[in-house]
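Have a look at final-v4.csv; it's CSV, C-alpha atoms and all ligand atoms:
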```
chain,number,residue,atom,x,y,z
Z,572,MET,CA,-10.4,14.7,14.7
Z,573,ASN,CA,-9.1,11.4,16.0
Z,574,ILE,CA,-8.1,8.9,13.2
Z,575,LEU,CA,-7.5,5.3,14.0
Z,576,VAL,CA,-4.8,4.1,11.6
Z,577,THR,CA,-4.5,0.3,11.6
Z,578,GLY,CA,-1.2,-0.9,10.2
Z,579,GLY,CA,0.1,2.6,10.9
Z,580,THR,CA,3.7,1.6,11.5
Z,581,GLY,CA,3.8,-0.2,8.1
Z,582,TYR,CA,5.2,1.2,4.9
Z,583,ILE,CA,2.1,3.1,3.5
Z,584,GLY,CA,0.5,3.6,7.0
Z,585,SER,CA,3.5,5.4,8.4
Z,586,HIS,CA,3.7,7.9,5.5
Z,587,THR,CA,-0.1,8.4,5.8
Z,588,CYS,CA,0.2,9.1,9.6
Z,589,ILE,CA,2.7,11.9,8.8
Z,590,ALA,CA,0.4,13.4,6.2
Z,591,LEU,CA,-2.6,13.2,8.6
Z,592,ILE,CA,-0.6,14.8,11.5
Z,593,GLU,CA,0.7,17.5,9.3
Z,594,ALA,CA,-2.9,18.3,8.2
Z,595,GLY,CA,-3.9,18.7,11.9
Z,596,TYR,CA,-5.5,15.3,12.6
Z,597,THR,CA,-4.8,13.3,15.8
Z,598,VAL,CA,-3.6,9.8,15.0
Z,599,VAL,CA,-4.1,6.6,17.0
Z,600,ILE,CA,-2.0,3.7,15.6
Z,601,ALA,CA,-3.0,0.1,16.0
Z,602,ASP,CA,-0.4,-2.4,14.7
Z,603,ASN,CA,0.8,-5.8,15.9
Z,604,LEU,CA,4.3,-5.2,14.4
Z,605,CYS,CA,4.2,-8.5,12.5
Z,606,ASN,CA,5.7,-6.6,9.5
Z,607,SER,CA,7.0,-3.3,11.0
Z,608,LYS,CA,9.1,-1.9,13.8
Z,609,ILE,CA,8.3,0.0,16.9
Z,610,GLU,CA,11.0,2.5,16.1
Z,611,THR,CA,8.8,3.9,13.3
Z,612,VAL,CA,6.5,5.4,16.0
Z,613,GLU,CA,9.5,7.5,17.2
Z,614,LYS,CA,10.4,8.5,13.6
Z,615,ILE,CA,6.9,9.7,13.0
Z,616,LYS,CA,7.1,11.8,16.1
Z,617,GLU,CA,10.5,13.1,15.1
Z,618,ILE,CA,9.3,14.1,11.6
Z,619,THR,CA,6.1,15.7,12.8
Z,620,ASN,CA,7.2,17.0,16.2
Z,621,LYS,CA,3.8,15.7,17.5
Z,622,GLU,CA,2.7,13.0,19.9
Z,623,VAL,CA,1.3,9.7,18.5
Z,624,CYS,CA,-0.7,7.2,20.4
Z,625,PHE,CA,0.4,3.6,19.7
Z,626,TYR,CA,-1.3,0.3,20.5
Z,627,GLN,CA,0.4,-2.9,19.9
Z,628,ILE,CA,-2.7,-5.0,19.2
Z,629,ASP,CA,-4.0,-7.5,16.7
Z,630,VAL,CA,-6.9,-6.0,14.7
Z,631,SER,CA,-8.3,-9.5,14.1
Z,632,ASN,CA,-8.6,-9.8,17.9
Z,633,LYS,CA,-11.9,-8.1,18.8
Z,634,SER,CA,-11.4,-7.5,22.5
Z,635,GLU,CA,-7.9,-6.0,21.9
Z,636,LEU,CA,-9.4,-3.8,19.2
Z,637,GLU,CA,-12.3,-2.6,21.3
Z,638,CYS,CA,-9.9,-1.2,24.0
Z,639,ILE,CA,-9.1,1.5,21.5
Z,640,PHE,CA,-12.7,2.6,21.0
Z,641,ILE,CA,-13.2,2.5,24.8
Z,642,ASN,CA,-10.2,4.8,25.4
Z,643,HIS,CA,-10.7,7.2,22.4
Z,644,GLN,CA,-13.5,8.9,20.6
Z,645,ILE,CA,-12.6,7.7,17.1
Z,646,ASP,CA,-14.0,9.8,14.3
Z,647,ALA,CA,-12.6,7.9,11.3
Z,648,ILE,CA,-10.6,4.7,10.5
Z,649,ILE,CA,-8.0,4.1,7.9
Z,650,HIS,CA,-7.5,0.4,7.6
Z,651,PHE,CA,-4.1,-0.6,6.3
Z,652,ALA,CA,-3.4,-3.6,8.6
Z,653,GLY,CA,-3.1,-6.8,6.5
Z,654,LEU,CA,-0.7,-9.4,5.3
Z,655,LYS,CA,0.5,-8.7,1.8
Z,656,ALA,CA,3.1,-11.2,0.6
Z,657,ILE,CA,1.8,-13.0,-2.5
Z,658,GLU,CA,3.8,-16.1,-2.4
Z,659,GLU,CA,3.3,-16.5,1.4
Z,660,SER,CA,-0.5,-16.2,0.8
Z,661,VAL,CA,-0.3,-19.2,-1.6
Z,662,ARG,CA,1.5,-21.3,1.1
Z,663,MET,CA,-0.6,-20.1,4.0
Z,664,PRO,CA,-4.1,-19.2,2.7
Z,665,MET,CA,-5.8,-19.7,6.1
Z,666,GLN,CA,-3.6,-17.2,7.8
Z,667,TYR,CA,-4.3,-14.7,5.1
Z,668,TYR,CA,-8.1,-15.1,5.1
Z,669,ARG,CA,-8.2,-15.1,8.9
Z,670,ASN,CA,-6.0,-12.0,9.3
Z,671,ASN,CA,-7.3,-9.9,6.4
Z,672,ILE,CA,-11.0,-10.7,6.5
Z,673,ILE,CA,-11.5,-10.9,10.2
Z,674,SER,CA,-9.7,-7.6,10.7
Z,675,THR,CA,-12.0,-5.9,8.2
Z,676,LEU,CA,-15.1,-7.5,9.8
Z,677,ASN,CA,-14.0,-6.4,13.3
Z,678,LEU,CA,-13.5,-2.9,12.2
Z,679,ALA,CA,-16.9,-2.7,10.4
Z,680,GLU,CA,-18.6,-4.1,13.6
Z,681,ALA,CA,-16.7,-1.6,15.7
Z,682,CYS,CA,-18.0,1.2,13.4
Z,683,GLN,CA,-21.5,0.2,14.2
Z,684,LYS,CA,-21.0,-0.4,17.9
Z,685,TYR,CA,-19.0,2.9,18.5
Z,686,ASN,CA,-20.8,5.0,16.0
Z,687,VAL,CA,-17.9,5.6,13.7
Z,688,ARG,CA,-19.2,6.6,10.3
Z,689,ARG,CA,-16.0,7.0,8.2
Z,690,LEU,CA,-13.8,4.3,6.9
Z,691,VAL,CA,-11.0,4.2,4.3
Z,692,PHE,CA,-9.8,0.8,3.1
Z,693,SER,CA,-6.5,-0.3,1.5
Z,694,SER,CA,-7.2,-2.3,-1.6
Z,695,SER,CA,-5.0,-3.2,-4.6
Z,696,ALA,CA,-4.9,-3.0,-8.4
Z,697,THR,CA,-4.5,-6.7,-8.2
Z,698,VAL,CA,-8.4,-7.0,-8.0
Z,699,TYR,CA,-8.6,-6.0,-11.7
Z,700,GLY,CA,-6.9,-9.2,-12.7
Z,701,GLU,CA,-6.0,-9.2,-16.4
Z,702,ASN,CA,-8.5,-6.5,-17.5
Z,703,GLU,CA,-8.0,-4.1,-20.4
Z,704,VAL,CA,-5.7,-1.1,-19.5
Z,705,PRO,CA,-6.1,1.5,-18.2
Z,706,PHE,CA,-7.9,0.0,-15.2
Z,707,MET,CA,-11.1,1.9,-14.3
Z,708,GLU,CA,-13.0,1.7,-11.1
Z,709,ASN,CA,-16.3,0.6,-12.8
Z,710,MET,CA,-14.7,-2.5,-14.4
Z,711,GLY,CA,-15.9,-5.9,-13.2
Z,712,LEU,CA,-13.4,-7.5,-10.8
Z,713,LEU,CA,-11.6,-10.6,-12.2
Z,714,PRO,CA,-10.3,-13.5,-10.2
Z,715,THR,CA,-6.8,-12.9,-8.9
Z,716,THR,CA,-4.1,-15.5,-8.9
Z,717,ASN,CA,-3.5,-15.7,-5.2
Z,718,PRO,CA,-5.3,-15.7,-1.8
Z,719,TYR,CA,-3.9,-12.3,-0.9
Z,720,GLY,CA,-5.7,-10.8,-3.9
Z,721,GLU,CA,-8.8,-12.7,-3.0
Z,722,THR,CA,-8.8,-11.2,0.5
Z,723,LYS,CA,-8.8,-7.7,-1.1
Z,724,ALA,CA,-11.6,-8.5,-3.5
Z,725,MET,CA,-13.6,-10.2,-0.7
Z,726,SER,CA,-13.1,-7.3,1.7
Z,727,GLU,CA,-14.3,-4.9,-1.0
Z,728,ARG,CA,-17.5,-7.0,-1.4
Z,729,ILE,CA,-18.1,-7.3,2.3
Z,730,LEU,CA,-17.8,-3.5,2.7
Z,731,ALA,CA,-20.1,-3.0,-0.3
Z,732,ASP,CA,-22.8,-5.2,1.4
Z,733,ILE,CA,-22.3,-3.4,4.8
Z,734,SER,CA,-22.7,0.0,3.0
Z,735,LYS,CA,-26.0,-1.1,1.6
Z,736,ALA,CA,-27.2,-2.3,5.0
Z,737,VAL,CA,-25.9,0.8,6.9
Z,738,PRO,CA,-26.4,3.8,4.5
Z,739,ALA,CA,-25.1,6.3,7.1
Z,740,LEU,CA,-21.6,4.9,6.6
Z,741,SER,CA,-19.1,6.7,4.4
Z,742,ILE,CA,-16.6,4.2,2.9
Z,743,SER,CA,-13.7,4.9,0.5
Z,744,ILE,CA,-11.9,2.0,-1.1
Z,745,LEU,CA,-8.5,2.9,-2.5
Z,746,ARG,CA,-6.9,0.6,-5.0
Z,747,TYR,CA,-3.2,1.2,-5.0
Z,748,PHE,CA,-1.0,0.5,-8.0
Z,749,ASN,CA,2.7,0.0,-7.3
Z,750,PRO,CA,3.8,2.1,-4.3
Z,751,VAL,CA,7.5,2.9,-4.2
Z,752,GLY,CA,9.8,5.6,-2.8
Z,753,ALA,CA,10.2,6.9,0.7
Z,754,HIS,CA,9.7,10.0,2.8
Z,755,GLN,CA,12.1,12.9,1.8
Z,756,SER,CA,13.6,12.9,5.3
Z,757,GLY,CA,15.1,9.5,4.6
Z,758,LEU,CA,13.8,8.3,8.0
Z,759,ILE,CA,10.7,6.4,6.9
Z,760,GLY,CA,10.5,3.9,4.0
Z,761,GLU,CA,9.8,0.3,3.3
Z,762,SER,CA,11.3,-1.6,6.2
Z,763,PRO,CA,9.6,-5.0,6.4
Z,764,ASN,CA,10.5,-7.8,8.7
Z,765,SER,CA,10.9,-10.2,5.8
Z,766,LEU,CA,12.1,-9.6,2.3
Z,767,PRO,CA,9.5,-8.5,-0.2
Z,768,ASN,CA,9.8,-9.8,-3.7
Z,769,ASN,CA,8.8,-6.6,-5.5
Z,770,LEU,CA,10.9,-4.9,-8.1
Z,771,MET,CA,12.1,-1.7,-6.3
Z,772,PRO,CA,13.4,-3.5,-3.1
Z,773,TYR,CA,15.3,-5.9,-5.4
Z,774,ILE,CA,16.8,-3.0,-7.4
Z,775,ASN,CA,17.9,-1.4,-4.1
Z,776,ARG,CA,19.5,-4.6,-3.0
Z,777,VAL,CA,21.5,-5.0,-6.3
Z,778,ALA,CA,22.5,-1.3,-6.1
Z,779,LYS,CA,23.8,-1.9,-2.6
Z,780,GLY,CA,25.8,-5.0,-3.7
Z,781,LYS,CA,23.8,-7.3,-1.6
Z,782,MET,CA,22.8,-9.2,-4.7
Z,783,GLU,CA,24.9,-9.7,-7.8
Z,784,LYS,CA,22.2,-8.9,-10.3
Z,785,LEU,CA,18.6,-8.3,-10.9
Z,786,TYR,CA,16.5,-11.1,-12.6
Z,787,VAL,CA,14.1,-9.5,-15.1
Z,788,PHE,CA,11.1,-11.7,-15.4
Z,789,GLY,CA,10.5,-12.0,-19.1
Z,790,ASN,CA,11.2,-9.7,-22.1
Z,791,ASP,CA,8.6,-11.1,-24.5
Z,792,TYR,CA,5.5,-9.3,-23.2
Z,793,PRO,CA,3.7,-7.1,-25.7
Z,794,THR,CA,5.1,-3.9,-24.2
Z,795,VAL,CA,7.5,-1.1,-25.2
Z,796,ASP,CA,10.6,-3.3,-24.6
Z,797,GLY,CA,9.1,-6.7,-23.8
Z,798,THR,CA,9.4,-6.3,-20.0
Z,799,GLY,CA,6.4,-5.9,-17.6
Z,800,VAL,CA,4.8,-2.4,-17.4
Z,801,ARG,CA,3.5,-1.1,-14.1
Z,802,ASP,CA,2.1,2.1,-12.7
Z,803,TYR,CA,4.7,3.1,-10.0
Z,804,ILE,CA,3.5,5.7,-7.6
Z,805,HIS,CA,5.4,7.6,-4.9
Z,806,VAL,CA,4.3,6.5,-1.4
Z,807,VAL,CA,4.0,10.2,-0.3
Z,808,ASP,CA,1.5,10.7,-3.1
Z,809,ILE,CA,-0.4,7.6,-1.9
Z,810,ALA,CA,-0.4,9.1,1.6
Z,811,GLU,CA,-1.8,12.4,0.2
Z,812,GLY,CA,-4.4,10.3,-1.6
Z,813,HIS,CA,-5.7,9.1,1.8
Z,814,LEU,CA,-5.9,12.6,3.1
Z,815,ALA,CA,-7.9,13.6,0.1
Z,816,ALA,CA,-10.2,10.5,0.5
Z,817,LEU,CA,-10.8,11.3,4.2
Z,818,ASN,CA,-11.6,14.9,3.5
Z,819,ASN,CA,-14.0,14.0,0.7
Z,820,LEU,CA,-15.9,11.1,2.3
Z,821,THR,CA,-19.6,11.0,1.6
Z,822,GLU,CA,-22.2,8.5,2.5
Z,823,GLY,CA,-22.1,5.2,0.6
Z,824,ILE,CA,-19.2,3.4,-0.9
Z,825,HIS,CA,-16.7,5.0,-3.3
Z,826,VAL,CA,-13.8,3.3,-5.1
Z,827,TYR,CA,-10.7,5.2,-6.3
Z,828,ASN,CA,-7.6,4.2,-8.1
Z,829,LEU,CA,-4.4,5.6,-6.6
Z,830,GLY,CA,-1.8,5.5,-9.5
Z,831,THR,CA,-0.2,8.0,-11.8
Z,832,GLY,CA,-1.8,6.8,-15.0
Z,833,ARG,CA,1.6,6.2,-16.5
Z,834,GLY,CA,3.2,2.8,-17.2
Z,835,THR,CA,6.9,2.2,-16.8
Z,836,SER,CA,8.7,-1.0,-17.9
Z,837,VAL,CA,11.2,-2.9,-15.8
Z,838,LEU,CA,14.1,-1.7,-18.0
Z,839,GLU,CA,12.9,1.9,-17.9
Z,840,LEU,CA,12.8,1.7,-14.1
Z,841,ILE,CA,16.3,0.3,-14.0
Z,842,ASN,CA,17.5,3.1,-16.3
Z,843,ALA,CA,15.9,5.8,-14.3
Z,844,PHE,CA,17.4,4.4,-11.1
Z,845,GLU,CA,20.9,4.2,-12.6
Z,846,GLN,CA,20.7,7.7,-13.9
Z,847,VAL,CA,19.4,9.6,-10.9
Z,848,ASN,CA,21.5,7.6,-8.3
Z,849,ASN,CA,24.6,7.1,-10.4
Z,850,VAL,CA,24.8,3.4,-9.7
Z,851,LYS,CA,24.9,0.3,-11.9
Z,852,ILE,CA,22.2,-2.3,-11.8
Z,853,PRO,CA,23.4,-5.4,-13.6
Z,854,TYR,CA,20.6,-7.6,-14.8
Z,855,GLU,CA,19.7,-10.9,-16.5
Z,856,ILE,CA,16.6,-11.7,-18.4
Z,857,VAL,CA,15.0,-14.9,-17.1
Z,858,GLU,CA,11.6,-16.7,-17.5
Z,859,ARG,CA,8.4,-14.9,-16.9
Z,860,ARG,CA,7.1,-15.0,-13.3
Z,861,PRO,CA,4.0,-17.2,-13.0
Z,862,GLY,CA,0.9,-15.0,-12.3
Z,863,ASP,CA,2.4,-11.8,-13.8
Z,864,ILE,CA,0.4,-9.7,-16.3
Z,865,ALA,CA,2.1,-7.7,-19.1
Z,866,THR,CA,0.7,-4.3,-18.4
Z,867,CYS,CA,-1.0,-2.6,-15.5
Z,868,TYR,CA,-1.8,1.1,-15.1
Z,869,ALA,CA,-4.6,3.2,-13.8
Z,870,ASP,CA,-7.2,5.5,-15.1
Z,871,THR,CA,-6.8,8.3,-12.5
Z,872,SER,CA,-9.5,10.6,-13.7
Z,873,LYS,CA,-12.0,9.7,-11.0
Z,874,ALA,CA,-9.7,10.5,-8.0
Z,875,GLU,CA,-8.6,13.7,-9.8
Z,876,LYS,CA,-12.2,14.8,-10.3
Z,877,GLU,CA,-13.8,13.7,-7.1
Z,878,LEU,CA,-11.0,14.0,-4.6
Z,879,GLY,CA,-8.9,16.8,-6.3
Z,880,TRP,CA,-5.9,14.5,-5.9
Z,881,ILE,CA,-3.1,14.6,-8.5
Z,882,PRO,CA,0.2,12.8,-7.8
Z,883,LYS,CA,3.2,15.2,-7.6
Z,884,TYR,CA,6.2,12.9,-8.0
Z,885,ASP,CA,7.7,11.1,-11.1
Z,886,ILE,CA,9.8,8.0,-11.6
Z,887,ILE,CA,13.0,10.0,-11.0
Z,888,ASP,CA,11.7,11.2,-7.6
Z,889,MET,CA,10.7,7.7,-6.7
Z,890,CYS,CA,14.1,6.2,-7.5
Z,891,ARG,CA,16.0,9.0,-5.7
Z,892,ASP,CA,13.9,8.8,-2.5
Z,893,SER,CA,13.9,5.0,-2.4
Z,894,TRP,CA,17.7,4.9,-2.7
Z,895,ARG,CA,18.1,7.7,-0.1
Z,896,PHE,CA,16.2,5.7,2.4
Z,897,GLU,CA,18.1,2.5,1.6
Z,898,ILE,CA,21.5,4.1,2.1
Z,899,ASN,CA,20.4,5.9,5.3
Z,900,ASN,CA,19.0,2.7,6.9
Z,901,GLU,CA,21.0,-0.5,7.1
Z,902,LEU,CA,18.2,-3.0,6.7
F,1001,LIG,P1,3.1,-3.3,5.5
F,1001,LIG,O1,3.3,-4.7,5.7
F,1001,LIG,O2,4.3,-2.4,5.5
F,1001,LIG,O3,2.0,-2.6,6.5
F,1001,LIG,C1,1.0,-3.4,7.0
F,1001,LIG,C2,1.0,-3.2,8.6
F,1001,LIG,O4,-0.1,-4.0,9.1
F,1001,LIG,C3,2.3,-3.8,9.2
F,1001,LIG,O5,2.9,-2.8,10.0
F,1001,LIG,C4,1.8,-5.0,10.0
F,1001,LIG,O6,2.6,-5.2,11.1
F,1001,LIG,C5,0.4,-4.7,10.3
F,1001,LIG,N1,-0.5,-5.8,10.5
F,1001,LIG,C6,-0.8,-6.8,9.7
F,1001,LIG,N2,-1.7,-7.6,10.2
F,1001,LIG,C7,-2.1,-7.0,11.3
F,1001,LIG,C8,-3.1,-7.3,12.3
F,1001,LIG,N3,-3.9,-8.4,12.2
F,1001,LIG,N4,-3.3,-6.4,13.4
F,1001,LIG,C9,-2.5,-5.3,13.5
F,1001,LIG,N5,-1.6,-5.0,12.6
F,1001,LIG,C10,-1.4,-5.8,11.5
F,1001,LIG,O7,2.3,-3.1,4.1
F,1001,LIG,P2,2.0,-1.8,3.2
F,1001,LIG,O8,2.8,-1.9,2.0
F,1001,LIG,O9,2.1,-0.6,4.1
F,1001,LIG,O10,0.5,-2.1,2.9
F,1001,LIG,C11,-0.6,-1.5,3.6
F,1001,LIG,C12,-1.9,-2.0,3.1
F,1001,LIG,O11,-2.0,-1.7,1.7
F,1001,LIG,C13,-2.0,-3.5,3.2
F,1001,LIG,O12,-3.4,-3.8,3.5
F,1001,LIG,C14,-1.7,-4.0,1.8
F,1001,LIG,O13,-2.3,-5.2,1.5
F,1001,LIG,C15,-2.2,-2.8,0.9
F,1001,LIG,N6,-1.5,-2.7,-0.4
F,1001,LIG,C16,-0.2,-2.6,-0.4
F,1001,LIG,C17,0.5,-2.5,-1.7
F,1001,LIG,C18,2.0,-2.4,-1.7
F,1001,LIG,O14,2.5,-2.7,-2.8
F,1001,LIG,N7,2.7,-2.0,-0.7
F,1001,LIG,C19,-0.3,-2.5,-2.8
F,1001,LIG,C20,-1.7,-2.6,-2.7
F,1001,LIG,C21,-2.3,-2.7,-1.5
F,1002,LIG,C1,2.9,-7.6,-7.3
F,1002,LIG,C2,1.8,-8.6,-7.0
F,1002,LIG,C3,0.5,-7.8,-6.8
F,1002,LIG,C4,0.6,-6.7,-5.8
F,1002,LIG,C5,1.8,-5.8,-6.2
F,1002,LIG,C6,2.1,-4.6,-5.3
F,1002,LIG,C7,2.5,-10.7,-8.0
F,1002,LIG,C8,2.2,-11.7,-9.1
F,1002,LIG,N1,1.7,-9.6,-8.0
F,1002,LIG,O1,2.6,-7.0,-8.5
F,1002,LIG,O2,-0.5,-8.7,-6.4
F,1002,LIG,O3,-0.6,-5.9,-5.7
F,1002,LIG,O4,3.0,-6.6,-6.3
F,1002,LIG,O5,2.6,-5.1,-4.0
F,1002,LIG,O6,3.4,-10.9,-7.2
F,1002,LIG,N2,10.1,-7.9,-11.6
F,1002,LIG,C9,11.3,-8.4,-12.2
F,1002,LIG,N3,12.2,-8.8,-11.3
F,1002,LIG,C10,12.0,-8.9,-9.9
F,1002,LIG,C11,10.8,-8.4,-9.4
F,1002,LIG,C12,9.8,-8.0,-10.3
F,1002,LIG,O7,11.5,-8.4,-13.4
F,1002,LIG,O8,12.9,-9.3,-9.2
F,1002,LIG,C13,9.0,-7.4,-12.6
F,1002,LIG,C14,7.7,-8.1,-12.5
F,1002,LIG,O9,7.7,-9.2,-13.5
F,1002,LIG,C15,6.8,-7.0,-12.9
F,1002,LIG,C16,7.4,-5.8,-12.4
F,1002,LIG,O10,8.8,-6.1,-12.2
F,1002,LIG,O11,6.7,-6.9,-14.3
F,1002,LIG,C17,6.8,-5.3,-11.1
F,1002,LIG,O12,6.8,-6.4,-10.2
F,1002,LIG,P1,6.3,-6.2,-8.6
F,1002,LIG,O13,7.1,-5.1,-8.0
F,1002,LIG,O14,6.5,-7.6,-8.0
F,1002,LIG,O15,4.8,-5.8,-8.7
F,1002,LIG,P2,3.6,-6.5,-9.5
F,1002,LIG,O16,4.0,-7.5,-10.4
F,1002,LIG,O17,2.8,-5.3,-10.1
```
Target format structure tokens, applied to this file:
Amino acid sequence: MNILVTGGTGYIGSHTCIALIEAGYTVVIADNLCNSKIETVEKIKEITNKEVCFYQIDVSNKSELECIFINHQIDAIIHFAGLKAIEESVRMPMQYYRNNIISTLNLAEACQKYNVRRLVFSSSATVYGENEVPFMENMGLLPTTNPYGETKAMSERILADISKAVPALSISILRYFNPVGAHQSGLIGESPNSLPNNLMPYINRVAKGKMEKLYVFGNDYPTVDGTGVRDYIHVVDIAEGHLAALNNLTEGIHVYNLGTGRGTSVLELINAFEQVNNVKIPYEIVERRPGDIATCYADTSKAEKELGWIPKYDIIDMCRDSWRFEINNEL
């Protein structure tokens, strides 16, 4: 089966390509490299020892995208391509709406035109807003605090409407919690073209001595130690979640959380990282970051029951694999 992976050279996409190839699928990657590097294609080939077809195209450009469907019989699409920096989305909302929404629409139209019936879409736990934890798939979506989050909620609604109009389509929407970690080979990991402002990349930078200390955003939340609690999940588990979603696609639209169901505070993550990697992470408590919520973790029972997917890795694995990639790759 030929799987079109948009955003396949990105962080989660590259790990998913490896999982797909190892499961016997043929992968066609479409990525414009706006937040990833061409070398990733060679690394995927090196790890899997298989050929990968790569197109440097913009998924929001319809004619560029259609070339792929003309050249390949595509059986399913996994759509990762998107812009994802929260702060940037606040400064440049038009670019975010254009890129993320038009890409989704183009792919949905291509599904109809080229008779592709299977689609897996990357969404985010951000669409739950400040709901009660644990977050469950059947909860009403709350407004997010930024255009990035809105593009995810909007794409979900667009796909739900398309699903009603085209019942033969099988769509799976995966809401990721906080993906961290890297491939065990140390070859593939998070390697963006600009600096992300998420916690794990910052911990790595402090560990490497590139930053003097970590700023912990608030210690007065109603959590175990006052710092923010999140559901960190190993990126290889997320990749396996895509495989499970693809293998279990059925007609209609289905939403799944991809998280571990366990919350970890900022200080707990720092401690785990220090212990497993034998490094020191100096930190300072500062003001809360605007837009942050106290606690976010998933109810994972639906993915477990319907997809047979259970994450394998714990926080220690995540910290170890993240650091291994960091020291192997001078970013
Ligand atoms: P990433 O930036 O590493 O990967 C996205 C890839 O898409 C990049 O390689 C980028 O070059 C490409 N891309 C962006 N716009 C494109 C376009 N118009 N045409 C072609 N390629 C394009 O990000 P990631 O962390 O791998 O995230 C993958 C998806 O998962 C994104 O849609 C993101 O919003 C979503 N997501 C990520 C997280 C996270 O914390 N990493 C959490 C929830 C959801
Ligand atoms: C952020 C995004 C969210 C996105 C998610 C995954 C915001 C407001 N939300 O969520 O939309 O889906 O990333 O990409 O940006 N922290 C520090 N110091 C730091 C960095 C983070 O203390 O230098 C804390 C945060 O306050 C939070 C936790 O670490 O409590 C995790 O932060 P982060 O990795 O940015 O993820 P989210 O806040 O979950």
What does the list of residues within 8 Å of ligand LIG 1002 (chain F) look like if you count all atoms listed in the file, written as a PyMOL selection string? chain Z and resi 655-658+695-697+715-717+719-720+747-750+768-771+773-774+785-789+798-802+836-837+856+859-867
Check every protein, DNA and RNA residue against ligand LIG 1001 (chain F), keep those with an atom at most 8 Å away (counting only C-alpha atoms and all ligand atoms), and present them as a VMD selection string. chain Z and resid 577 to 585 601 to 608 627 to 632 650 to 655 670 to 671 674 692 to 697 719 723 746 to 751 761 to 763 769
Just the residues within 7 Å of range 870-874 of chain Z, please, counting only C-alpha atoms, with nothing from its chain fewer than 3 positions along; format it as a list in words. Pro705, Phe706, Met707, Tyr827, Asn828, Leu829, Gly830, Thr831, Gly832, Glu877, Leu878, Gly879 and Trp880 of chain Z
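Reported to one decimal place, the separation of CA of Gln666 in chain Z from CA of Thr722 in chain Z is 10.8 Å.
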Using Å and a single decimal, report how far CA of Leu690 in chain Z sits from CA of Gly823 in chain Z.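 Taking CA of Gly823 in chain Z and CA of Leu690 in chain Z, their separation equals 10.5 Å.
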Minimum-distance residue to Val687 in chain Z, chosen among Z:Ser660, Z:Thr675, Z:Asn573, Z:Thr611 (using only C-alpha atoms):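 Of all the options, Z:Asn573 lies closest to Val687 in chain Z.
The gap separating CA of Gly700 in chain Z from CA of Leu745 in chain Z is 15.9 Å, in Å to one decimal.
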